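**Q** Quick one: this structure, given as structure tokens, is what I'll be asking you about.
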Amino acid sequence: MPERDTTELPDSAENRAARPDLSVAGRTVVIAGATSASGRAVARALLEAGAHVVVVGSDEGRIRALEQEIPGVLGEHADLTDGDEVLELSMRVRARTGDIDGVIHLIGGWRGGGGLMGQTEEDYRVLERSFTALRYVSRVFWQDMITSTAGRIAIVSSVTVESPTPGNANYTAAKPSAP
């Protein structure tokens with residue numbers, strides 16, 4: 001892996017103006033698939049860093065519970081595999097918060113398996129739902145990412161990518177190939 005240049009620019013007004021503001025403070029971030037343990041941890045970290053956080057999930061009860069558990073998050077219910085619902089979600093979120101600066105998509109749907117021959121069509125369909133959700137969510141918020149001065153989409157992967165086993169190969173293969 002190539003080394004990154006970590007040389008700091010001198011702290012002058014000109015150089016500060018040239019550096020991008022990578023802080024999330026005051027930014028609005030949507031977390032898709034937010035009701036998992038990872039989603040809760042990300043939501044807390046973003047709130048602590050000063051971001052406005054919108055948590056999205058397909059289970060209305062779990063979203064409401066998350067709003068109670070983590071005061072300050074805005075909850076939204078949507079089936080992220082339904083393109084029309086995702087479009088409606090984006091309109092509701094913008095109406096509540098204004099422009100969006102970031103999207104964190106927590107791809108779910110872990111399915112174990114016995115390698116290629118042990119994967120069932122049902123296993124694949126579970127993983128396919130995650131790809132569909134990722135595609136729809138990324139698409140509806142893409143213009144926000146372009147117009148934001150700090151727009152970012154993050155896709156959370158898995159450490160299993162480094163060394164997959166036959167029992168997790170189906171899931172692991174989906175992680176780096178997510179669009």
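The chains in the structure tokens are called A, B, ... from first to last as shown; in each chain the residues are counted from 1, and the ligands are counted from 1 in the order shown.
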How close does each residue of region 13-105 of chain A get to region 128-136 of chain A, giving the shortest atom pair and distance in Å to one decimal for every residue with an atom at most 9 Å away, counting only C-alpha atoms, sorted by chain and residue number, as CSV?

**A**
residue,atom,partner,partner_atom,distance
A:Ala32,CA,A:Leu134,CA,8.5
A:Asp79,CA,A:Ala133,CA,8.3
A:Leu80,CA,A:Ala133,CA,4.8
A:Thr81,CA,A:Ala133,CA,4.6
A:Asp82,CA,A:Ala133,CA,7.7
A:Gly83,CA,A:Tyr136,CA,5.9
A:Val86,CA,A:Tyr136,CA,6.6
A:Leu87,CA,A:Tyr136,CA,8.2
A:His105,CA,A:Leu134,CA,6.7

**Q** Excluding same-chain residues fewer than 2 positions from Ala43 (chain A), what lies within 10 Å of it counting only C-alpha atoms, as a ChimeraX atom specification?

**A** /A:29-31,34-35,37-41,45-49,51-55,66,70,72-73,104

**Q** Keeping only N, CA and C atoms, write the selected residues to a file as a short mmCIF file (atom, residue, chain, number, x, y, z; two decimals), in the first residue's frame.

**A**
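Written output follows (part_31.cif):
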data_model
loop_
_atom_site.label_atom_id
_atom_site.label_comp_id
_atom_site.auth_asym_id
_atom_site.auth_seq_id
_atom_site.Cartn_x
_atom_site.Cartn_y
_atom_site.Cartn_z
N VAL A 29 -25.88 13.87 8.70
CA VAL A 29 -25.47 12.55 8.24
C VAL A 29 -26.64 11.58 8.39
N VAL A 30 -26.91 10.83 7.32
CA VAL A 30 -27.94 9.81 7.32
C VAL A 30 -27.26 8.46 7.53
N ILE A 31 -27.77 7.68 8.48
CA ILE A 31 -27.26 6.32 8.70
C ILE A 31 -28.35 5.36 8.24
N ALA A 34 -29.64 1.68 10.54
CA ALA A 34 -29.07 2.22 11.79
C ALA A 34 -29.43 1.48 13.06
N THR A 35 -30.32 0.51 13.01
CA THR A 35 -30.78 -0.09 14.27
C THR A 35 -29.89 -1.21 14.79
N ALA A 37 -26.21 -2.81 16.28
CA ALA A 37 -25.24 -2.33 17.28
C ALA A 37 -24.26 -1.36 16.63
N SER A 38 -23.83 -1.65 15.41
CA SER A 38 -22.92 -0.74 14.69
C SER A 38 -23.59 0.60 14.44
N GLY A 39 -24.85 0.56 14.04
CA GLY A 39 -25.58 1.80 13.79
C GLY A 39 -25.69 2.66 15.03
N ARG A 40 -25.95 2.04 16.15
CA ARG A 40 -26.05 2.78 17.42
C ARG A 40 -24.70 3.42 17.76
N ALA A 41 -23.63 2.66 17.60
CA ALA A 41 -22.30 3.19 17.91
C ALA A 41 -21.94 4.36 17.00
N ALA A 45 -21.35 8.30 18.14
CA ALA A 45 -20.08 8.97 17.81
C ALA A 45 -20.32 10.25 17.00
N LEU A 46 -21.22 10.19 16.04
CA LEU A 46 -21.52 11.37 15.23
C LEU A 46 -22.16 12.47 16.07
N LEU A 47 -23.10 12.10 16.94
CA LEU A 47 -23.71 13.10 17.81
C LEU A 47 -22.67 13.76 18.72
N GLU A 48 -21.80 12.94 19.29
CA GLU A 48 -20.74 13.47 20.16
C GLU A 48 -19.81 14.41 19.41
N ALA A 49 -19.66 14.20 18.09
CA ALA A 49 -18.80 15.05 17.27
C ALA A 49 -19.54 16.28 16.75
N ALA A 51 -22.56 16.32 14.94
CA ALA A 51 -23.35 16.16 13.72
C ALA A 51 -24.83 16.08 14.04
N HIS A 52 -25.64 16.39 13.04
CA HIS A 52 -27.08 16.13 13.07
C HIS A 52 -27.23 14.75 12.46
N VAL A 53 -27.90 13.84 13.16
CA VAL A 53 -27.93 12.45 12.74
C VAL A 53 -29.36 11.99 12.46
N VAL A 54 -29.54 11.42 11.27
CA VAL A 54 -30.81 10.84 10.87
C VAL A 54 -30.60 9.33 10.80
N VAL A 55 -31.35 8.60 11.62
CA VAL A 55 -31.24 7.14 11.64
C VAL A 55 -32.40 6.54 10.86
N LEU A 66 -34.75 3.45 19.14
CA LEU A 66 -33.45 4.09 18.95
C LEU A 66 -33.53 5.58 19.27
N ILE A 70 -31.16 7.10 22.15
CA ILE A 70 -30.13 8.08 21.80
C ILE A 70 -30.82 9.42 21.51
N GLY A 72 -31.64 13.00 20.47
CA GLY A 72 -30.99 13.88 19.52
C GLY A 72 -30.99 13.34 18.10
N VAL A 73 -31.14 12.01 17.94
CA VAL A 73 -31.22 11.48 16.58
C VAL A 73 -32.64 11.70 16.05
N ILE A 104 -24.02 7.07 5.66
CA ILE A 104 -23.29 5.88 6.11
C ILE A 104 -24.24 4.71 5.92
#

**Q** Using DSSP on the backbone coordinates, identify all residues within region 47-156 of chain A classified as alpha helix (DSSP H); present the result as a count of residues only.

**A** 58

**Q** What is the distance between CA of Ala154 (chain A) and CA of Gln119 (chain A), in Å to one decimal?

**A**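 So the answer is 27.7 Å.
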
**Q** Could you tell me which of A:Ser36, A:Ser58, A:Thr97, A:Ser163 comes closest to Ala78 (chain A) if we count only C-alpha atoms?

**A**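 Ranking A:Ser36, A:Ser58, A:Thr97, A:Ser163 by distance to Ala78 (chain A), first place goes to A:Ser58.
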
**Q** Set the distance at 10 Å and use only C-alpha atoms: which residues neighbour Arg96 (chain A) once local chain neighbours fewer than 5 positions away are removed? I'd like the list as a list of chain:residue names.

**A** A:Val54, A:Leu74, A:Ser90, A:Met91
